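K.L.:
See coords_1.txt below, with compact mmCIF, C-alpha atoms.
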```txt
# COMPACT_ATOMS: atom_id res chain seq x y z
CA MET A 1 -16.64 38.78 -34.51
CA ASP A 2 -14.64 36.08 -36.25
CA LEU A 3 -13.94 33.03 -34.05
CA GLU A 4 -12.06 30.95 -36.59
CA SER A 5 -8.34 30.74 -36.17
CA GLN A 6 -6.21 32.03 -38.97
CA ASN A 7 -2.64 31.13 -39.75
CA THR A 8 -1.03 34.39 -40.67
CA ALA A 9 2.56 33.29 -40.92
CA GLN A 10 4.12 29.93 -41.43
CA THR A 11 7.17 29.58 -39.19
CA ALA A 12 9.78 27.09 -40.10
CA THR A 13 10.58 24.88 -37.15
CA GLU A 14 14.21 24.09 -36.75
CA SER A 15 15.11 20.64 -35.60
CA PHE A 16 17.75 20.62 -32.90
CA GLU A 17 19.95 17.68 -32.25
CA PHE A 18 20.70 17.19 -28.61
CA ALA A 19 23.65 15.32 -27.27
CA GLU A 20 22.91 11.90 -25.89
CA PRO A 21 23.36 11.78 -22.12
CA THR A 22 26.23 9.69 -20.94
CA HIS A 23 25.16 6.81 -18.79
CA ARG A 24 27.36 6.74 -15.73
CA LYS A 25 27.06 4.53 -12.71
CA SER A 26 25.63 6.13 -9.59
CA LEU A 27 28.82 5.45 -7.63
CA GLU A 28 30.82 7.35 -10.23
CA ILE A 29 28.49 10.32 -9.89
CA LEU A 30 28.81 10.14 -6.10
CA ARG A 31 32.61 10.00 -6.36
CA ASP A 32 32.76 13.01 -8.67
CA ALA A 33 30.30 15.07 -6.60
CA GLU A 34 32.13 14.34 -3.36
CA ALA A 35 35.50 15.18 -4.93
CA LEU A 36 34.06 18.41 -6.35
CA LEU A 37 33.21 19.51 -2.81
CA ARG A 38 36.17 18.01 -0.93
CA ARG A 39 39.10 19.15 -3.05
CA PRO A 40 38.43 22.93 -2.93
CA THR A 41 37.69 22.68 0.79
CA VAL A 42 40.96 20.89 1.49
CA ALA A 43 42.86 23.34 -0.73
CA ALA A 44 41.37 26.27 1.21
CA ILE A 45 42.01 24.80 4.66
CA VAL A 46 45.54 23.39 4.19
CA PRO A 47 47.38 26.77 4.15
CA ILE A 48 45.93 27.89 7.47
CA LEU A 49 46.53 24.65 9.39
CA PRO A 50 49.70 23.69 11.22
CA ALA A 51 52.19 21.72 9.12
CA ASN A 52 51.63 18.29 10.69
CA ILE A 53 47.84 18.56 10.47
CA SER A 54 47.90 19.85 6.89
CA ARG A 55 50.17 16.96 5.88
CA ARG A 56 47.79 14.46 7.45
CA LEU A 57 44.82 16.14 5.75
CA GLU A 58 46.52 15.89 2.36
CA GLU A 59 47.29 12.21 3.01
CA ALA A 60 43.68 11.62 3.98
CA ASN A 61 42.63 13.40 0.79
CA ILE A 62 44.72 10.98 -1.28
CA VAL A 63 43.30 8.00 0.61
CA ALA A 64 39.78 9.30 0.02
CA ASP A 65 40.45 9.62 -3.72
CA ASN A 66 41.79 6.06 -3.90
CA THR A 67 38.93 4.62 -1.85
CA LEU A 68 36.26 6.40 -3.86
CA ASN A 69 37.86 5.24 -7.11
CA GLU A 70 37.73 1.65 -5.85
CA LEU A 71 34.09 2.08 -4.85
CA ALA A 72 33.20 3.56 -8.23
CA GLU A 73 34.45 0.38 -9.88
CA ILE A 74 31.82 -1.71 -8.08
CA ASP A 75 28.98 -2.78 -10.32
CA VAL A 76 25.86 -2.34 -8.22
CA GLU A 77 23.84 -4.48 -10.62
CA GLN A 78 25.99 -7.51 -9.79
CA ILE A 79 25.20 -7.42 -6.05
CA SER A 80 22.67 -10.12 -5.29
CA ASP A 81 19.77 -9.97 -2.88
CA TRP A 82 21.46 -12.62 -0.76
CA GLU A 83 24.56 -10.45 -0.30
CA LEU A 84 22.43 -7.54 0.94
CA ARG A 85 20.71 -9.62 3.61
CA PRO A 86 23.25 -8.98 6.42
CA ALA A 87 23.12 -5.23 5.75
CA ARG A 88 19.32 -5.19 5.99
CA ILE A 89 19.42 -7.13 9.27
CA GLN A 90 22.02 -4.75 10.70
CA VAL A 91 19.93 -1.71 9.74
CA GLY A 92 16.85 -3.19 11.41
CA LEU A 93 18.78 -4.05 14.55
CA SER A 94 20.33 -0.57 14.59
CA PHE A 95 16.89 1.05 14.45
CA VAL A 96 15.57 -1.15 17.27
CA GLY A 97 18.68 -0.64 19.40
CA PHE A 98 18.73 3.12 18.89
CA SER A 99 15.04 3.32 19.77
CA ALA A 100 15.48 1.33 22.98
CA LEU A 101 18.55 3.36 23.97
CA MET A 102 16.79 6.67 23.41
CA VAL A 103 13.69 5.60 25.37
CA ILE A 104 15.95 4.58 28.27
CA ILE A 105 17.83 7.90 28.09
CA LEU A 106 14.51 9.76 28.01
CA LEU A 107 13.30 7.87 31.08
CA LEU A 108 16.60 8.50 32.85
CA TYR A 109 16.35 12.20 31.99
CA LEU A 110 12.80 12.43 33.28
CA ASN A 111 13.50 10.54 36.50
CA THR A 112 16.61 12.55 37.37
CA LEU A 113 15.62 16.06 36.28
CA HIS A 114 11.85 15.87 36.78
CA PRO A 115 11.23 13.53 39.72
CA GLU A 116 8.07 15.46 40.61
CA LEU A 117 6.27 14.17 37.50
CA ASN A 118 4.41 10.89 37.67
CA PRO A 119 4.48 8.59 34.60
CA VAL A 120 1.24 10.00 33.16
CA GLU A 121 2.54 13.57 33.44
CA GLN A 122 5.87 12.53 31.90
CA VAL A 123 4.14 11.07 28.86
CA ALA A 124 1.82 14.08 28.64
CA LYS A 125 4.76 16.50 28.64
CA TYR A 126 7.22 14.51 26.51
CA TRP A 127 4.90 12.56 24.23
CA HIS A 128 6.60 13.82 21.04
CA GLN A 129 9.85 12.19 22.04
CA TYR A 130 8.14 8.95 23.07
CA ILE A 131 6.35 8.77 19.72
CA TRP A 132 9.52 9.41 17.73
CA PHE A 133 11.58 6.81 19.54
CA VAL A 134 8.86 4.17 19.54
CA ASN A 135 8.24 4.73 15.81
CA VAL A 136 11.94 4.27 15.04
CA GLY A 137 11.82 0.96 16.92
CA VAL A 138 8.68 -0.12 15.08
CA ALA A 139 10.32 0.71 11.75
CA GLY A 140 13.28 -1.47 12.75
CA MET A 141 10.94 -4.30 13.69
CA PHE A 142 9.24 -4.00 10.29
CA VAL A 143 12.62 -4.26 8.55
CA LEU A 144 13.51 -7.34 10.62
CA GLY A 145 10.08 -8.89 10.09
CA ARG A 146 10.26 -8.33 6.35
CA GLU A 147 13.68 -9.94 6.28
CA ALA A 148 12.49 -12.90 8.37
CA MET A 149 9.58 -13.56 6.00
CA ARG A 150 11.68 -13.46 2.85
CA PRO A 151 12.17 -16.84 1.24
CA VAL A 152 15.71 -18.06 1.71
CA GLN A 153 17.21 -18.52 -1.72
CA LYS A 154 20.91 -19.01 -1.59
CA PRO A 155 22.65 -18.24 -4.84
CA LYS A 156 23.87 -21.16 -6.85
CA LYS A 157 27.53 -21.86 -6.46
CA ARG A 158 29.52 -20.84 -9.46
CA LYS A 159 31.96 -23.28 -10.95
CA ARG A 160 35.46 -22.15 -10.24
CA LYS A 161 37.98 -22.31 -12.96
CA ILE A 162 41.21 -23.79 -11.82
CA TYR A 163 44.22 -22.39 -13.59
CA ARG A 164 47.32 -24.54 -13.59
```
For the file at hand, write its structure as structure tokens.

P.N.:
Amino acid sequence: MDLESQNTAQTATESFEFAEPTHRKSLEILRDAEALLRRPTVAAIVPILPANISRRLEEANIVADNTLNELAEIDVEQISDWELRPARIQVGLSFVGFSALMVIILLLYLNTLHPELNPVEQVAKYWHQYIWFVNVGVAGMFVLGREAMRPVQKPKKRKRKIYR
């Protein structure tokens, strides 16, 4: 029994040259992917719709192309942290507001359709929903708290060139 490895044949390894990937911005990829799905869908739907609706759909398709082209031109790397602050605050407030609204709707639902249940029975029967809605609110509070604790660093004002 021979345990030593033996090289019986020498295979020549070919070196392959692969194409370098093109570096595209994420918004360009999003634009192209959305257009790849939207255009065939619109082309399939337009012939079966009434004339006025199909015309409006084609106009909306052109507007979508123009808007997505404008968005693809945005350089995401140039957006500062300061400019994203209002968006983060709005997301946090949206989470908190949605959570509060859904808890109120759940309570309204339980009080109108299940008046025979006391509060302990309501929570026992619908605890999944309570947990989901409260967790969404807590997530929103974390986003707002994180934003409140960030140091405020306004960007330096850029010197404007005055062209005369």

K.L.:
Show me, as lines of an AutoDock Vina configuration file, the centre and edge lengths in Å to one decimal of the axis-aligned box that covers every listed atom of segment 88-107 of chain A with 8 Å on each side.

P.N.:
```
center_x = 17.7
center_y = 1.3
center_z = 18.5
size_x = 24.7
size_y = 32.9
size_z = 41.1
```

K.L.:
Just how far from atom CA of Val143 of chain A is atom CA of Ile74 of chain A, in Å to one decimal?

P.N.:
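According to the coordinates, atom CA of Ile74 of chain A and atom CA of Val143 of chain A are separated by 25.5 Å.
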
K.L.:
To one decimal place, how far is atom CA of Asn118 of chain A from atom CA of Ser99 of chain A in Å?

P.N.:
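Computed distance, atom CA of Asn118 of chain A to atom CA of Ser99 of chain A, equals 22.2 Å.
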
K.L.:
Show me, as a PyMOL selection string, the residues that have an atom within 12 Å of Ala148 of chain A when counting all atoms listed in the file, minus same-chain residues fewer than 3 positions from it.

P.N.:
chain A and resi 85-86+88-89+92+141-145+151-152

K.L.:
With distances taken over only C-alpha atoms, which residue among A:Gly140, A:Lys154, A:Leu101, A:Leu71 lies nearest Ile29 of chain A?

P.N.:
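Answer, going by the shortest atom-to-atom distance: A:Leu71.
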
K.L.:
May I have the protein, DNA and RNA residues with an atom at most 6 Å from (36.4, 12.7, -9.2), counting all atoms listed in the file in the file's coordinates, returned as JSON, numbers by chain?

P.N.:
{"A": [31, 32, 35]}

K.L.:
Around (39.3, 9.8, -3.7) in the file's frame, which residues reach within 10 Å when counting only C-alpha atoms? Return as number ranges by chain?

P.N.:
A: 31-32, 34-35, 38-39, 60-72

K.L.:
Could you please determine the separation between atom CA of Leu36 of chain A and atom CA of Asn52 of chain A in Å, to one decimal place?

P.N.:
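That distance, rounded to one decimal, is 24.5 Å.
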
K.L.:
From the set A:Ala43, A:Ala124, A:Ile131, A:Val136, which residue has the shortest atom-to-atom contact distance to Phe98 of chain A, counting only C-alpha atoms?

P.N.:
A:Val136

K.L.:
Smallest atom-to-atom distance to Phe95 of chain A: which of A:Leu27, A:Val138, A:Tyr109, A:Leu57, using all atoms listed in the file?

P.N.:
A:Val138

K.L.:
Near Ile104 of chain A, counting all atoms listed in the file, which residues have an atom at most 12 Å away, once you skip same-chain residues fewer than 5 positions from it, shown as a PDB file with C-alpha atoms, in the coordinates of the input?

P.N.:
```pdb
ATOM      1  CA  GLY A  97      18.680  -0.640  19.400  1.00  0.00           C
ATOM      2  CA  PHE A  98      18.730   3.120  18.890  1.00  0.00           C
ATOM      3  CA  SER A  99      15.040   3.320  19.770  1.00  0.00           C
ATOM      4  CA  TYR A 109      16.350  12.200  31.990  1.00  0.00           C
ATOM      5  CA  LEU A 110      12.800  12.430  33.280  1.00  0.00           C
ATOM      6  CA  ASN A 111      13.500  10.540  36.500  1.00  0.00           C
ATOM      7  CA  GLN A 129       9.850  12.190  22.040  1.00  0.00           C
ATOM      8  CA  TYR A 130       8.140   8.950  23.070  1.00  0.00           C
ATOM      9  CA  PHE A 133      11.580   6.810  19.540  1.00  0.00           C
ATOM     10  CA  VAL A 134       8.860   4.170  19.540  1.00  0.00           C
TER      11      VAL A 134
END
```

K.L.:
Considering all atoms listed in the file, can you say which of A:Ala139, A:Ile79, A:Val103, A:Ile53 comes closest to Val123 of chain A?

P.N.:
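The closest residue to Val123 of chain A is A:Val103.
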